[in-house]
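Q: What follows is input_15.csv, made up of CSV, C-alpha atoms:
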chain,number,residue,atom,x,y,z
A,233,MET,CA,93.1,-51.2,54.2
A,234,LYS,CA,89.3,-51.5,54.1
A,235,ASN,CA,89.0,-48.3,52.0
A,236,PHE,CA,91.8,-49.5,49.7
A,237,ASN,CA,89.9,-52.8,49.1
A,238,GLN,CA,86.6,-50.9,48.6
A,239,GLY,CA,88.3,-48.9,45.8
A,240,MET,CA,89.4,-52.1,44.1
A,241,GLY,CA,85.9,-53.5,44.6
A,242,TYR,CA,84.3,-50.6,42.6
A,243,LEU,CA,86.5,-51.5,39.6
A,244,ILE,CA,85.7,-55.2,39.9
A,245,GLU,CA,82.0,-54.3,39.9
A,246,GLY,CA,82.6,-52.1,36.9
A,247,VAL,CA,84.1,-55.0,35.0
A,248,ARG,CA,81.1,-57.2,36.0
A,249,ARG,CA,78.7,-54.6,34.7
A,250,LEU,CA,80.3,-54.2,31.2
A,251,SER,CA,77.7,-56.6,29.7
A,252,THR,CA,74.7,-54.7,31.2
A,253,LYS,CA,71.8,-54.3,28.8
A,254,GLY,CA,71.7,-50.8,27.4
A,255,LEU,CA,75.5,-50.1,27.9
A,256,LYS,CA,77.0,-52.2,25.1
A,257,ARG,CA,76.8,-49.7,22.3
A,258,PHE,CA,78.4,-47.1,24.6
A,259,ILE,CA,81.5,-49.2,25.4
A,260,ILE,CA,82.4,-50.0,21.8
A,261,LEU,CA,84.3,-46.7,21.2
A,262,PRO,CA,86.2,-46.8,24.5
A,263,ILE,CA,87.3,-50.3,23.7
A,264,LEU,CA,88.5,-49.3,20.3
A,265,PHE,CA,90.4,-46.4,21.8
A,266,ASN,CA,92.0,-48.8,24.3
A,267,LEU,CA,92.9,-51.2,21.5
A,268,ILE,CA,94.7,-48.5,19.6
A,269,LEU,CA,96.3,-47.2,22.8
A,270,PHE,CA,97.9,-50.5,23.7
A,271,SER,CA,98.8,-51.4,20.1
A,272,ALA,CA,100.7,-48.1,19.8
A,273,LEU,CA,102.3,-48.5,23.2
A,274,PHE,CA,103.7,-51.9,22.6
A,275,TYR,CA,104.8,-50.9,19.1
A,276,SER,CA,106.7,-48.0,20.6
A,277,VAL,CA,108.3,-50.1,23.4
A,278,TYR,CA,109.5,-52.8,20.9
A,279,HIS,CA,110.8,-50.5,18.2
A,280,TYR,CA,112.2,-47.6,20.2
A,281,LEU,CA,112.6,-48.5,23.9
A,282,PHE,CA,114.5,-51.8,23.6
A,283,PRO,CA,117.2,-50.4,21.3
A,284,TYR,CA,117.6,-47.3,23.5
A,285,ALA,CA,117.8,-49.5,26.6
A,286,GLN,CA,120.6,-51.5,25.1
A,287,ILE,CA,122.5,-48.2,24.4
A,288,TYR,CA,121.9,-47.2,28.0
A,289,ILE,CA,123.3,-50.5,29.4
A,290,ASN,CA,126.3,-50.4,27.1
A,291,GLN,CA,127.3,-47.0,28.6
A,292,LEU,CA,127.4,-48.3,32.1
A,293,PRO,CA,130.8,-48.4,33.8
A,294,ALA,CA,132.6,-51.8,33.7
A,295,TRP,CA,132.2,-52.4,37.5
A,296,LEU,CA,128.4,-52.4,37.1
A,297,GLY,CA,128.6,-55.0,34.4
A,298,PHE,CA,127.4,-57.8,36.7
A,299,MET,CA,124.2,-55.9,37.3
A,300,SER,CA,123.5,-55.2,33.6
A,301,GLY,CA,120.6,-57.7,33.4
A,302,VAL,CA,118.8,-56.2,36.5
A,303,LEU,CA,119.4,-52.6,35.4
A,304,PHE,CA,118.1,-53.5,31.9
A,305,VAL,CA,114.8,-54.8,33.4
A,306,VAL,CA,114.5,-51.8,35.7
A,307,PHE,CA,115.1,-49.4,32.8
A,308,ILE,CA,112.6,-51.1,30.6
A,309,LEU,CA,110.0,-51.2,33.3
A,310,SER,CA,110.5,-47.5,34.3
A,311,CYS,CA,110.3,-46.3,30.7
A,312,PHE,CA,107.3,-48.5,30.0
A,313,LEU,CA,105.5,-46.9,33.0
A,314,ILE,CA,106.4,-43.5,31.6
A,315,PHE,CA,105.1,-44.4,28.2
A,316,LEU,CA,101.9,-45.9,29.7
A,317,SER,CA,101.2,-42.8,31.7
A,318,ALA,CA,101.7,-40.4,28.8
A,319,PHE,CA,99.8,-42.6,26.2
A,320,THR,CA,96.9,-43.3,28.7
A,321,VAL,CA,96.4,-39.6,29.5
A,322,VAL,CA,96.4,-38.6,25.8
A,323,PHE,CA,94.0,-41.3,24.7
A,324,ASN,CA,91.7,-40.5,27.6
A,325,LEU,CA,91.7,-36.9,26.5
A,326,LEU,CA,90.6,-38.0,23.0
A,327,ALA,CA,88.0,-40.4,24.4
A,328,ALA,CA,86.6,-38.0,27.0
A,329,PRO,CA,83.3,-37.1,25.2
A,330,PHE,CA,82.5,-40.8,24.6
A,331,ASN,CA,83.5,-41.7,28.2
A,332,GLY,CA,81.3,-38.9,29.4
A,333,PHE,CA,78.3,-40.4,27.5
A,334,LEU,CA,79.1,-43.8,29.0
A,335,ALA,CA,79.3,-42.4,32.5
A,336,GLU,CA,75.9,-40.6,32.0
A,337,LYS,CA,74.2,-43.8,30.7
A,338,ALA,CA,75.7,-45.9,33.5
A,339,GLN,CA,74.4,-43.5,36.1
A,340,TYR,CA,70.9,-43.6,34.6
A,341,ILE,CA,70.8,-47.5,34.3
A,342,PHE,CA,72.3,-48.3,37.8
A,343,TYR,CA,70.8,-45.4,39.8
A,344,ASN,CA,67.9,-44.2,37.7
A,345,GLU,CA,69.3,-40.7,37.8
A,346,VAL,CA,68.8,-38.5,34.7
A,347,ILE,CA,71.6,-36.1,33.9
A,348,PRO,CA,70.3,-33.1,31.8
A,349,SER,CA,70.7,-34.1,28.2
A,350,LEU,CA,73.1,-32.1,26.1
A,351,SER,CA,74.1,-32.3,22.5
A,352,PHE,CA,77.3,-34.1,21.6
A,353,SER,CA,79.0,-30.9,20.5
A,354,THR,CA,78.2,-29.2,23.9
A,355,ILE,CA,79.5,-32.3,25.8
A,356,ALA,CA,82.6,-32.3,23.7
A,357,ILE,CA,83.4,-28.7,24.4
A,358,ARG,CA,82.7,-29.1,28.1
A,359,SER,CA,84.9,-32.3,28.1
A,360,ILE,CA,87.8,-30.4,26.4
A,361,LYS,CA,87.6,-27.6,29.0
A,362,ARG,CA,87.5,-30.1,31.8
A,363,GLN,CA,90.5,-32.0,30.4
A,364,GLY,CA,92.3,-28.7,30.2
A,365,HIS,CA,92.1,-28.5,34.0
A,366,PHE,CA,93.3,-32.1,34.2
A,367,ILE,CA,96.3,-31.3,32.0
A,368,LEU,CA,97.3,-28.4,34.2
A,369,TYR,CA,97.1,-30.8,37.1
A,370,PHE,CA,99.0,-33.6,35.4
A,371,ILE,CA,101.9,-32.0,33.6
A,372,PRO,CA,103.8,-30.5,36.5
A,373,ARG,CA,103.6,-33.8,38.4
A,374,PHE,CA,104.6,-35.7,35.3
A,375,LEU,CA,107.6,-33.5,34.8
A,376,CYS,CA,108.6,-33.9,38.4
A,377,MET,CA,108.5,-37.7,38.0
A,378,CYS,CA,110.5,-37.5,34.8
A,379,ILE,CA,113.2,-35.6,36.7
A,380,LEU,CA,113.3,-38.3,39.4
A,381,PHE,CA,114.1,-40.8,36.6
A,382,PHE,CA,117.5,-39.2,36.1
A,383,ILE,CA,118.5,-39.5,39.7
A,384,PRO,CA,120.7,-42.7,39.6
A,385,PHE,CA,120.2,-43.9,43.2
A,386,LEU,CA,116.4,-43.9,42.8
A,387,HIS,CA,116.5,-46.3,39.8
A,388,PRO,CA,116.0,-49.5,41.9
A,389,VAL,CA,112.8,-48.1,43.4
A,390,PHE,CA,111.6,-45.8,40.6
A,391,PRO,CA,109.2,-48.4,39.1
A,392,PHE,CA,107.3,-48.5,42.4
A,393,ILE,CA,107.3,-44.7,42.7
A,394,TRP,CA,106.0,-44.4,39.2
A,395,PHE,CA,103.4,-47.2,39.7
A,396,ALA,CA,102.0,-45.2,42.7
A,397,PHE,CA,101.9,-42.0,40.6
A,398,ASN,CA,100.2,-43.7,37.7
A,399,ALA,CA,97.6,-45.3,40.0
A,400,TRP,CA,96.7,-42.0,41.4
A,401,ILE,CA,96.5,-40.2,38.0
A,402,LEU,CA,94.4,-43.0,36.5
A,403,SER,CA,92.0,-42.9,39.5
A,404,VAL,CA,91.6,-39.2,39.3
A,405,GLN,CA,90.9,-39.3,35.6
A,406,TYR,CA,88.4,-42.0,35.7
A,407,GLN,CA,86.5,-40.7,38.7
A,408,ASP,CA,86.3,-37.3,37.1
A,409,PHE,CA,83.9,-38.4,34.3
A,410,ALA,CA,81.1,-39.0,36.8
A,411,MET,CA,81.9,-35.9,38.8
A,412,ASP,CA,82.0,-33.7,35.7
A,413,ASN,CA,78.6,-35.0,34.6
A,414,ASN,CA,77.2,-34.1,38.1
A,415,LEU,CA,78.7,-30.6,37.8
A,416,VAL,CA,81.3,-31.1,40.5
A,417,SER,CA,84.1,-28.6,39.9
A,418,PHE,CA,87.6,-29.8,39.4
A,419,SER,CA,88.8,-28.2,42.6
A,420,GLU,CA,85.9,-29.8,44.5
A,421,MET,CA,86.7,-33.1,42.8
A,422,LYS,CA,90.4,-32.9,44.0
A,423,ARG,CA,89.1,-32.2,47.6
A,424,LYS,CA,86.7,-35.2,47.5
A,425,ILE,CA,89.4,-37.7,46.4
A,426,ALA,CA,91.9,-36.3,48.8
A,427,LYS,CA,89.6,-37.1,51.6
A,428,ASN,CA,89.8,-40.8,50.8
A,429,LYS,CA,93.3,-41.4,49.5
A,430,ALA,CA,93.3,-45.1,50.3
A,431,GLN,CA,90.1,-45.7,48.2
A,432,THR,CA,91.5,-43.6,45.3
A,433,PHE,CA,94.8,-45.6,45.4
A,434,GLY,CA,92.9,-48.9,45.6
A,435,PHE,CA,90.8,-48.1,42.5
A,436,GLY,CA,93.8,-46.7,40.5
A,437,SER,CA,96.1,-49.5,41.5
A,438,LEU,CA,93.8,-52.2,40.1
A,439,VAL,CA,93.2,-50.2,36.9
A,440,HIS,CA,97.0,-50.0,36.5
A,441,ILE,CA,97.6,-53.7,37.2
A,442,ILE,CA,94.9,-54.8,34.7
A,443,SER,CA,96.6,-52.4,32.1
A,444,PHE,CA,99.5,-54.9,32.1
A,445,ILE,CA,97.3,-58.0,31.4
A,446,PRO,CA,96.9,-58.7,27.6
A,447,LEU,CA,93.3,-58.8,26.3
A,448,LEU,CA,91.9,-57.7,29.7
A,449,ASN,CA,93.6,-54.3,29.3
A,450,ILE,CA,91.4,-53.6,26.2
A,451,PHE,CA,88.3,-53.5,28.4
A,452,ILE,CA,89.8,-51.4,31.2
A,453,MET,CA,88.8,-48.0,29.9
A,454,PRO,CA,85.0,-48.6,29.9
A,455,ALA,CA,85.2,-50.8,33.1
A,456,ALA,CA,87.0,-48.0,34.9
A,457,VAL,CA,84.5,-45.3,33.7
A,458,ILE,CA,81.6,-47.5,35.0
A,459,GLY,CA,83.6,-48.2,38.2
A,460,GLY,CA,84.1,-44.4,38.7
A,461,VAL,CA,80.3,-43.9,38.4
A,462,LEU,CA,79.7,-46.6,41.0
A,463,MET,CA,82.3,-45.1,43.3
A,464,TYR,CA,80.9,-41.5,43.0
A,465,CYS,CA,77.3,-42.4,43.4
A,466,GLY,CA,78.0,-45.1,46.1
A,467,GLU,CA,80.0,-42.8,48.3
A,468,ARG,CA,77.7,-39.9,47.7
A,469,ASN,CA,74.7,-41.9,48.8
A,470,ARG,CA,76.5,-43.4,51.8
A,471,ASN,CA,77.5,-39.9,53.0
A,472,LEU,CA,73.9,-38.7,52.6
A,473,LEU,CA,72.7,-41.7,54.6
A,474,ILE,CA,75.2,-40.9,57.4
A,475,LYS,CA,74.1,-37.2,57.4
A,476,HIS,CA,70.5,-38.3,57.6
A,477,SER,CA,71.2,-40.7,60.5
A,478,ASP,CA,73.0,-37.9,62.4
A,479,HIS,CA,69.9,-35.7,62.2
A,480,LEU,CA,67.6,-38.4,63.6
Represent the structure of the file as structure tokens.

A:
Amino acid sequence: MKNFNQGMGYLIEGVRRLSTKGLKRFIILPILFNLILFSALFYSVYHYLFPYAQIYINQLPAWLGFMSGVLFVVFILSCFLIFLSAFTVVFNLLAAPFNGFLAEKAQYIFYNEVIPSLSFSTIAIRSIKRQGHFILYFIPRFLCMCILFFIPFLHPVFPFIWFAFNAWILSVQYQDFAMDNNLVSFSEMKRKIAKNKAQTFGFGSLVHIISFIPLLNIFIMPAAVIGGVLMYCGERNRNLLIKHSDHL
């Protein structure tokens, strides 16, 4: 539980540091991306999901009629989480070069660590390649989750399963910006986060929860990028300190 809370704490600290001098111009584009993301998401839910949900409920057998209200909510929530996962991944892919710049600047400001400066085109190409690795990681798991959606007896618990899945994916994606900047390979990144699943889930869970809160969700992208930098550098420095203490 301690590690879970630490993961949440890194995101909270990321939110607090949004107004840090020198970072403001780097968070504008991520905020705009998030504004477009949630506008598109809620538009899709209202215009496409609600009508489809009503069709789904109308096709239920008569003996399940007394549960139609509950099933309607479960269906809407499940589909909303699916939409949120897909939309977030796509928009993070588009915003990857800008988030990479934000992560680089945050590491310099908070830890005085200079990452070798590269041109925007070089960073963009590197980000696209890195996100290609992430897509190969994400798609098989996303498809498996979609298959689970069509198993009727899982419907009552499906929102919780999907919430856990989204929390993990969001945590991986936002932690990866700092690791990519520090030339940590994708396979090494997966190994690092797997060593501390509780912290990864704590960070991603709070990112996911804030994504549901109007207005606050607009700021979650840059806050999570900064939180990912704080987590990577904080845990790296802590591990180095432990190793140094062991040698004394």

Q: Write out as a PyMOL selection string the residues lying within 9 Å of stretch 254-264 of chain A, counting all atoms listed in the file and excluding same-chain residues fewer than 6 positions away.

A: chain A and resi 324+327+330-331+333-334+337-338+341+450-455

Q: Quick one: residues within 9 Å of A:Ile360, all atoms listed in the file, excluding same-chain residues fewer than 6 positions away - as a list of chain:residue names?

A: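 Residues near the query, excluding close chain neighbours: A:Leu325, A:Leu326, A:Ala328, A:Pro329.
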
Q: Give me, please, the distance in Å between atom CA of A:Phe390 and atom CA of A:Cys376, quoted to one decimal.

A: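 Atom CA of A:Cys376 lies 12.5 Å from atom CA of A:Phe390.
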
Q: Find the distance between atom CA of A:Asn344 and atom CA of A:Gly241 and write it in Å to one decimal.

A: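 These two atoms are separated by 21.4 Å.
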
Q: Near stretch 459-470 of chain A, counting only C-alpha atoms, which residues have an atom at most 12 Å away, once you skip same-chain residues fewer than 6 positions from it, shown as a PyMOL selection string?

A: chain A and resi 235+238-250+331-345+402-414+416+421+424-425+427-428+431-432+434-436+438-439+452-453+476-477

Q: Could you work out how far atom CA of A:Phe418 lies from atom CA of A:Thr354, giving the answer in Å with one decimal?

A: 18.1 Å

Q: Compare A:Phe366, A:Trp400, A:Phe312, A:Phe381 by their minimum atom-to-atom distance to A:Leu273, counting all atoms listed in the file, and give me the closest one.

A: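 The answer is A:Phe312, which sits nearest to A:Leu273.
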